[in-house]
Amino acid sequence: MARKGILSSDITKAERPAPAPAPARRGAVGALQSSLTKLQEGAVQEIDPNLVDDAGVEDRLGVDPTAQTQLKESLSTYGQQVPVLLRPHSSKQGRYEIVYGRRRLRALRDLGLPVKAMIRQLDDHALIMAQGQENTARQDLSFIEKASFAAQLQDGGYDRQTIAAALSLDLPMVSRLLKIGTAFDLEFLRQIGSAPSIGRDRWFDLAKALESDSVKARVLAFMKTPDFKGSSDARFDLVLARAVQKQDKPKKSPPKARTLRAGGKAVADIKTGPRGVTLTIQARTAEGFDQWVNTHADSLIQELHDRFKESATED
């Protein structure tokens, strides 16, 4: 079933306010100008890429250098086969704003070649609809790029119905995207990149882990180190591993035993630990004292306990 694009009359009429009617033009001049405008919008034109500025919402989290190099080689060898979509700049006469085709525009600019483009009169609403539907048609945006795109649209004041239409998704899926997309700062996502192999569940795990301020601080500090490197998928794996790792608690030094002496001679060791007090009488040096204590342990403990009770009463 053919997908209806933003330039189709049905979507344009249904999803954006009707433009104010233009002043009526009389006679052959008005008819000629209208015909020329329609012809111009339907034609592919060559535009200096340096006259094109960015617009809309950031739909890609970084550029894959390898893929961009391949695109440049293809454009250099075979030329540009698919035009990009531009609109006249909203405030600068003689300049344009990109609607979709950013990677092609960047490659052609690097090659010093003109960009083949269709030019449409689009308001901001129509621009994001065109951008979103073009991305959906290509089906090469990663999960997090779609989630970030949805979050940026929401931040821009667009309602969920509009976001769903722009991404050609139902409202429950938009809610799932927003739950992840709004959990991360855009700059954080730029540093990781598109992570094309990483799905919703693992992004959800990362979002949950970063709810802890201490974990977030640890992850952000790690991302500034030379160890944060590799492909976008690899960078995600490194960040997630750092986020979910359990921090080793500092080990407490074992309690040291205290030597008990009688007549200047060591007769026992006493040690206080989390479970209580341990008295140790070494048999090899006790000369039988250990056995005597064992035989009289009940009466000795009773006597010590009675003294403890008396001292507690006196206090």
# chains A, B, ... in the order shown; residues from 1 in each chain; ligands from 1
>>> select_by_dssp(residues="range 47-146 of chain A", states="alpha helix (DSSP H)", output="ChimeraX atom specification")
/A:65-78,102-111,124-138,143-146
>>> residues_around(residues="range 159-174 of chain A", least_positions_apart="5", cutoff="7 Å", atoms="only C-alpha atoms", output="PyMOL selection string")
chain A and resi 128-129+132-133+136+150+153-154
>>> closest_residue(among="A:Glu134, A:Ile192, A:Leu122, A:Ser299", to="Leu238 in chain A", atoms="only C-alpha atoms")
A:Ile192
>>> closest_residue(among="A:Gly156, A:Gly273, A:Gly101, A:Pro255", to="Leu86 in chain A", atoms="only C-alpha atoms")
A:Gly101
>>> residues_around(residues="Asp269 in chain A", least_positions_apart="2", cutoff="6 Å", atoms="only C-alpha atoms", output="JSON, numbers by chain")
{"A": [257, 258, 259, 260, 279, 280]}
>>> closest_atom_pairs(of="range 170-201 of chain A", to="range 62-84 of chain A", cutoff="12 Å", atoms="only C-alpha atoms", output="tab-separated table")
residue	atom	partner	partner_atom	distance
A:Leu186	CA	A:Gly62	CA	11.0
A:Glu187	CA	A:Gly62	CA	10.4
A:Phe188	CA	A:Gly62	CA	11.4
A:Leu189	CA	A:Gly62	CA	8.9
A:Arg190	CA	A:Gly62	CA	5.9
A:Gln191	CA	A:Gly62	CA	7.9
A:Ile192	CA	A:Gly62	CA	8.5
A:Gly193	CA	A:Gly62	CA	5.5
A:Ser194	CA	A:Gly62	CA	6.9
A:Ala195	CA	A:Gly62	CA	10.1
A:Pro196	CA	A:Asp64	CA	10.7
>>> write_last_selection(atoms="C-alpha atoms", output="mmCIF file, in the first residue's frame")
data_model
loop_
_atom_site.group_PDB
_atom_site.id
_atom_site.type_symbol
_atom_site.label_atom_id
_atom_site.label_comp_id
_atom_site.auth_asym_id
_atom_site.auth_seq_id
_atom_site.Cartn_x
_atom_site.Cartn_y
_atom_site.Cartn_z
ATOM 1 C CA LEU A 186 20.664 15.099 23.589
ATOM 2 C CA GLU A 187 24.375 15.801 24.149
ATOM 3 C CA PHE A 188 24.706 12.486 26.018
ATOM 4 C CA LEU A 189 23.119 10.655 23.081
ATOM 5 C CA ARG A 190 25.362 12.429 20.573
ATOM 6 C CA GLN A 191 28.420 11.065 22.379
ATOM 7 C CA ILE A 192 27.141 7.494 22.158
ATOM 8 C CA GLY A 193 25.728 7.814 18.653
ATOM 9 C CA SER A 194 22.996 5.903 16.852
ATOM 10 C CA ALA A 195 23.847 2.475 18.367
ATOM 11 C CA PRO A 196 22.020 0.694 15.516
#
>>> residues_around(residues="Val267 in chain A", least_positions_apart="2", cutoff="10 Å", atoms="only C-alpha atoms", output="list in words")
Thr259, Leu260, Arg261, Ala262, Gly263, Gly264, Lys265, Asp269, Thr280, Ile281, Gln282, Ala283, Thr285, Ala286, Glu287, Phe289 and Asp290 of chain A
>>> residues_around(residues="Thr182 in chain A", least_positions_apart="3", cutoff="7 Å", atoms="only C-alpha atoms", output="ChimeraX atom specification")
/A:151,178-179
>>> write_last_selection(atoms="N, CA and C atoms", output="mmCIF file, in the first residue's frame")
data_model
loop_
_atom_site.group_PDB
_atom_site.id
_atom_site.type_symbol
_atom_site.label_atom_id
_atom_site.label_comp_id
_atom_site.auth_asym_id
_atom_site.auth_seq_id
_atom_site.Cartn_x
_atom_site.Cartn_y
_atom_site.Cartn_z
ATOM 1 N N ALA A 151 11.235 12.774 21.232
ATOM 2 C CA ALA A 151 11.403 13.630 22.412
ATOM 3 C C ALA A 151 11.631 15.087 22.014
ATOM 4 N N LEU A 178 8.916 7.866 23.776
ATOM 5 C CA LEU A 178 9.112 9.052 24.611
ATOM 6 C C LEU A 178 9.647 8.681 25.995
ATOM 7 N N LYS A 179 9.256 7.531 26.497
ATOM 8 C CA LYS A 179 9.737 7.113 27.812
ATOM 9 C C LYS A 179 11.254 6.969 27.811
#
>>> select_by_dssp(residues="range 84-128 of chain A", states="strand (DSSP E or B)", output="count of residues only")
15
>>> atom_distance(atom1="CA of Ala117 in chain A", atom2="CA of Arg87 in chain A")
9.5 Å
>>> closest_residue(among="A:Leu113, A:Val99, A:Gly181, A:Thr225", to="Asn50 in chain A", atoms="only C-alpha atoms")
A:Leu113
>>> atom_distance(atom1="CA of Ser214 in chain A", atom2="CA of Ser197 in chain A")
27.4 Å
>>> residues_around(residues="Gln121 in chain A", least_positions_apart="6", cutoff="10 Å", atoms="only C-alpha atoms", output="list in words")
Glu41, Leu86, Arg87, Pro88, His89, Ser90 and Leu127 of chain A
>>> closest_residue(among="A:Gln302, A:Thr295, A:Ser231, A:Gln45", to="Arg120 in chain A", atoms="only C-alpha atoms")
A:Gln45
>>> residues_around(residues="Asp205 in chain A", least_positions_apart="3", cutoff="10 Å", atoms="only C-alpha atoms", output="VMD selection string")
chain A and resid 180 200 to 202 208 to 210 240 243 to 244
>>> decode(residues="range 134-230 of chain A", atoms="C-alpha atoms", output="PDB file, in the first residue's frame")
ATOM      1  CA  GLU A 134      11.055  10.404   4.981  1.00  0.00           C
ATOM      2  CA  ASN A 135      13.021   8.805   7.823  1.00  0.00           C
ATOM      3  CA  THR A 136      10.295   6.206   8.334  1.00  0.00           C
ATOM      4  CA  ALA A 137      10.277   5.383   4.625  1.00  0.00           C
ATOM      5  CA  ARG A 138      14.031   4.760   4.686  1.00  0.00           C
ATOM      6  CA  GLN A 139      13.724   2.574   7.790  1.00  0.00           C
ATOM      7  CA  ASP A 140      17.348   3.121   8.740  1.00  0.00           C
ATOM      8  CA  LEU A 141      16.991   5.175  11.886  1.00  0.00           C
ATOM      9  CA  SER A 142      17.968   3.266  15.025  1.00  0.00           C
ATOM     10  CA  PHE A 143      15.635   2.889  17.983  1.00  0.00           C
ATOM     11  CA  ILE A 144      17.317   5.638  19.981  1.00  0.00           C
ATOM     12  CA  GLU A 145      17.308   8.032  17.012  1.00  0.00           C
ATOM     13  CA  LYS A 146      13.549   7.585  16.691  1.00  0.00           C
ATOM     14  CA  ALA A 147      13.133   7.999  20.449  1.00  0.00           C
ATOM     15  CA  SER A 148      15.262  11.157  20.441  1.00  0.00           C
ATOM     16  CA  PHE A 149      13.382  12.507  17.416  1.00  0.00           C
ATOM     17  CA  ALA A 150      10.070  11.995  19.232  1.00  0.00           C
ATOM     18  CA  ALA A 151      11.403  13.630  22.412  1.00  0.00           C
ATOM     19  CA  GLN A 152      12.650  16.677  20.489  1.00  0.00           C
ATOM     20  CA  LEU A 153       9.248  17.062  18.832  1.00  0.00           C
ATOM     21  CA  GLN A 154       7.563  16.923  22.232  1.00  0.00           C
ATOM     22  CA  ASP A 155       9.987  19.530  23.574  1.00  0.00           C
ATOM     23  CA  GLY A 156       9.077  21.652  20.559  1.00  0.00           C
ATOM     24  CA  GLY A 157       5.434  21.675  21.627  1.00  0.00           C
ATOM     25  CA  TYR A 158       4.031  19.095  19.225  1.00  0.00           C
ATOM     26  CA  ASP A 159       1.322  16.826  20.611  1.00  0.00           C
ATOM     27  CA  ARG A 160       1.515  13.045  20.522  1.00  0.00           C
ATOM     28  CA  GLN A 161      -0.921  12.756  17.648  1.00  0.00           C
ATOM     29  CA  THR A 162       1.395  14.860  15.494  1.00  0.00           C
ATOM     30  CA  ILE A 163       4.451  12.891  16.632  1.00  0.00           C
ATOM     31  CA  ALA A 164       2.681   9.637  15.763  1.00  0.00           C
ATOM     32  CA  ALA A 165       1.790  10.961  12.304  1.00  0.00           C
ATOM     33  CA  ALA A 166       5.350  12.197  11.687  1.00  0.00           C
ATOM     34  CA  LEU A 167       6.827   8.799  12.549  1.00  0.00           C
ATOM     35  CA  SER A 168       3.963   6.736  11.067  1.00  0.00           C
ATOM     36  CA  LEU A 169       3.497   4.994  14.430  1.00  0.00           C
ATOM     37  CA  ASP A 170       0.577   4.366  16.749  1.00  0.00           C
ATOM     38  CA  LEU A 171       0.207   6.235  20.036  1.00  0.00           C
ATOM     39  CA  PRO A 172       1.300   3.337  22.316  1.00  0.00           C
ATOM     40  CA  MET A 173       4.577   3.062  20.384  1.00  0.00           C
ATOM     41  CA  VAL A 174       5.073   6.819  20.612  1.00  0.00           C
ATOM     42  CA  SER A 175       4.628   6.576  24.395  1.00  0.00           C
ATOM     43  CA  ARG A 176       7.312   3.879  24.565  1.00  0.00           C
ATOM     44  CA  LEU A 177       9.671   5.973  22.455  1.00  0.00           C
ATOM     45  CA  LEU A 178       9.112   9.052  24.611  1.00  0.00           C
ATOM     46  CA  LYS A 179       9.737   7.113  27.812  1.00  0.00           C
ATOM     47  CA  ILE A 180      13.249   6.373  26.589  1.00  0.00           C
ATOM     48  CA  GLY A 181      13.900   9.510  24.536  1.00  0.00           C
ATOM     49  CA  THR A 182      13.096  11.883  27.389  1.00  0.00           C
ATOM     50  CA  ALA A 183      15.381   9.976  29.781  1.00  0.00           C
ATOM     51  CA  PHE A 184      18.577  11.174  28.103  1.00  0.00           C
ATOM     52  CA  ASP A 185      20.081  14.549  27.297  1.00  0.00           C
ATOM     53  CA  LEU A 186      20.664  15.099  23.589  1.00  0.00           C
ATOM     54  CA  GLU A 187      24.375  15.801  24.149  1.00  0.00           C
ATOM     55  CA  PHE A 188      24.706  12.486  26.018  1.00  0.00           C
ATOM     56  CA  LEU A 189      23.119  10.655  23.081  1.00  0.00           C
ATOM     57  CA  ARG A 190      25.362  12.429  20.573  1.00  0.00           C
ATOM     58  CA  GLN A 191      28.420  11.065  22.379  1.00  0.00           C
ATOM     59  CA  ILE A 192      27.141   7.494  22.158  1.00  0.00           C
ATOM     60  CA  GLY A 193      25.728   7.814  18.653  1.00  0.00           C
ATOM     61  CA  SER A 194      22.996   5.903  16.852  1.00  0.00           C
ATOM     62  CA  ALA A 195      23.847   2.475  18.367  1.00  0.00           C
ATOM     63  CA  PRO A 196      22.020   0.694  15.516  1.00  0.00           C
ATOM     64  CA  SER A 197      22.077  -2.762  17.134  1.00  0.00           C
ATOM     65  CA  ILE A 198      20.805  -1.633  20.537  1.00  0.00           C
ATOM     66  CA  GLY A 199      17.082  -2.094  21.141  1.00  0.00           C
ATOM     67  CA  ARG A 200      14.556  -0.705  23.591  1.00  0.00           C
ATOM     68  CA  ASP A 201      15.219  -3.125  26.471  1.00  0.00           C
ATOM     69  CA  ARG A 202      18.888  -2.277  26.822  1.00  0.00           C
ATOM     70  CA  TRP A 203      18.236   1.458  26.538  1.00  0.00           C
ATOM     71  CA  PHE A 204      15.624   1.003  29.271  1.00  0.00           C
ATOM     72  CA  ASP A 205      18.236  -0.739  31.468  1.00  0.00           C
ATOM     73  CA  LEU A 206      20.590   2.188  30.980  1.00  0.00           C
ATOM     74  CA  ALA A 207      17.875   4.738  31.747  1.00  0.00           C
ATOM     75  CA  LYS A 208      17.017   2.938  35.004  1.00  0.00           C
ATOM     76  CA  ALA A 209      20.651   2.755  36.054  1.00  0.00           C
ATOM     77  CA  LEU A 210      21.200   6.462  35.384  1.00  0.00           C
ATOM     78  CA  GLU A 211      18.379   7.418  37.743  1.00  0.00           C
ATOM     79  CA  SER A 212      21.019   7.218  40.470  1.00  0.00           C
ATOM     80  CA  ASP A 213      23.004  10.463  40.688  1.00  0.00           C
ATOM     81  CA  SER A 214      26.146   8.606  41.774  1.00  0.00           C
ATOM     82  CA  VAL A 215      25.893   6.193  38.818  1.00  0.00           C
ATOM     83  CA  LYS A 216      25.286   9.063  36.409  1.00  0.00           C
ATOM     84  CA  ALA A 217      28.324  10.925  37.718  1.00  0.00           C
ATOM     85  CA  ARG A 218      30.445   7.781  37.367  1.00  0.00           C
ATOM     86  CA  VAL A 219      29.291   7.221  33.783  1.00  0.00           C
ATOM     87  CA  LEU A 220      29.810  10.837  32.706  1.00  0.00           C
ATOM     88  CA  ALA A 221      33.304  10.800  34.185  1.00  0.00           C
ATOM     89  CA  PHE A 222      34.093   7.586  32.302  1.00  0.00           C
ATOM     90  CA  MET A 223      32.892   9.084  29.006  1.00  0.00           C
ATOM     91  CA  LYS A 224      35.640  11.705  29.292  1.00  0.00           C
ATOM     92  CA  THR A 225      38.396   9.097  29.459  1.00  0.00           C
ATOM     93  CA  PRO A 226      40.360   7.540  26.548  1.00  0.00           C
ATOM     94  CA  ASP A 227      38.695   4.190  27.314  1.00  0.00           C
ATOM     95  CA  PHE A 228      35.405   5.508  25.929  1.00  0.00           C
ATOM     96  CA  LYS A 229      35.966   4.578  22.299  1.00  0.00           C
ATOM     97  CA  GLY A 230      34.983   2.223  19.493  1.00  0.00           C
TER      98      GLY A 230
END
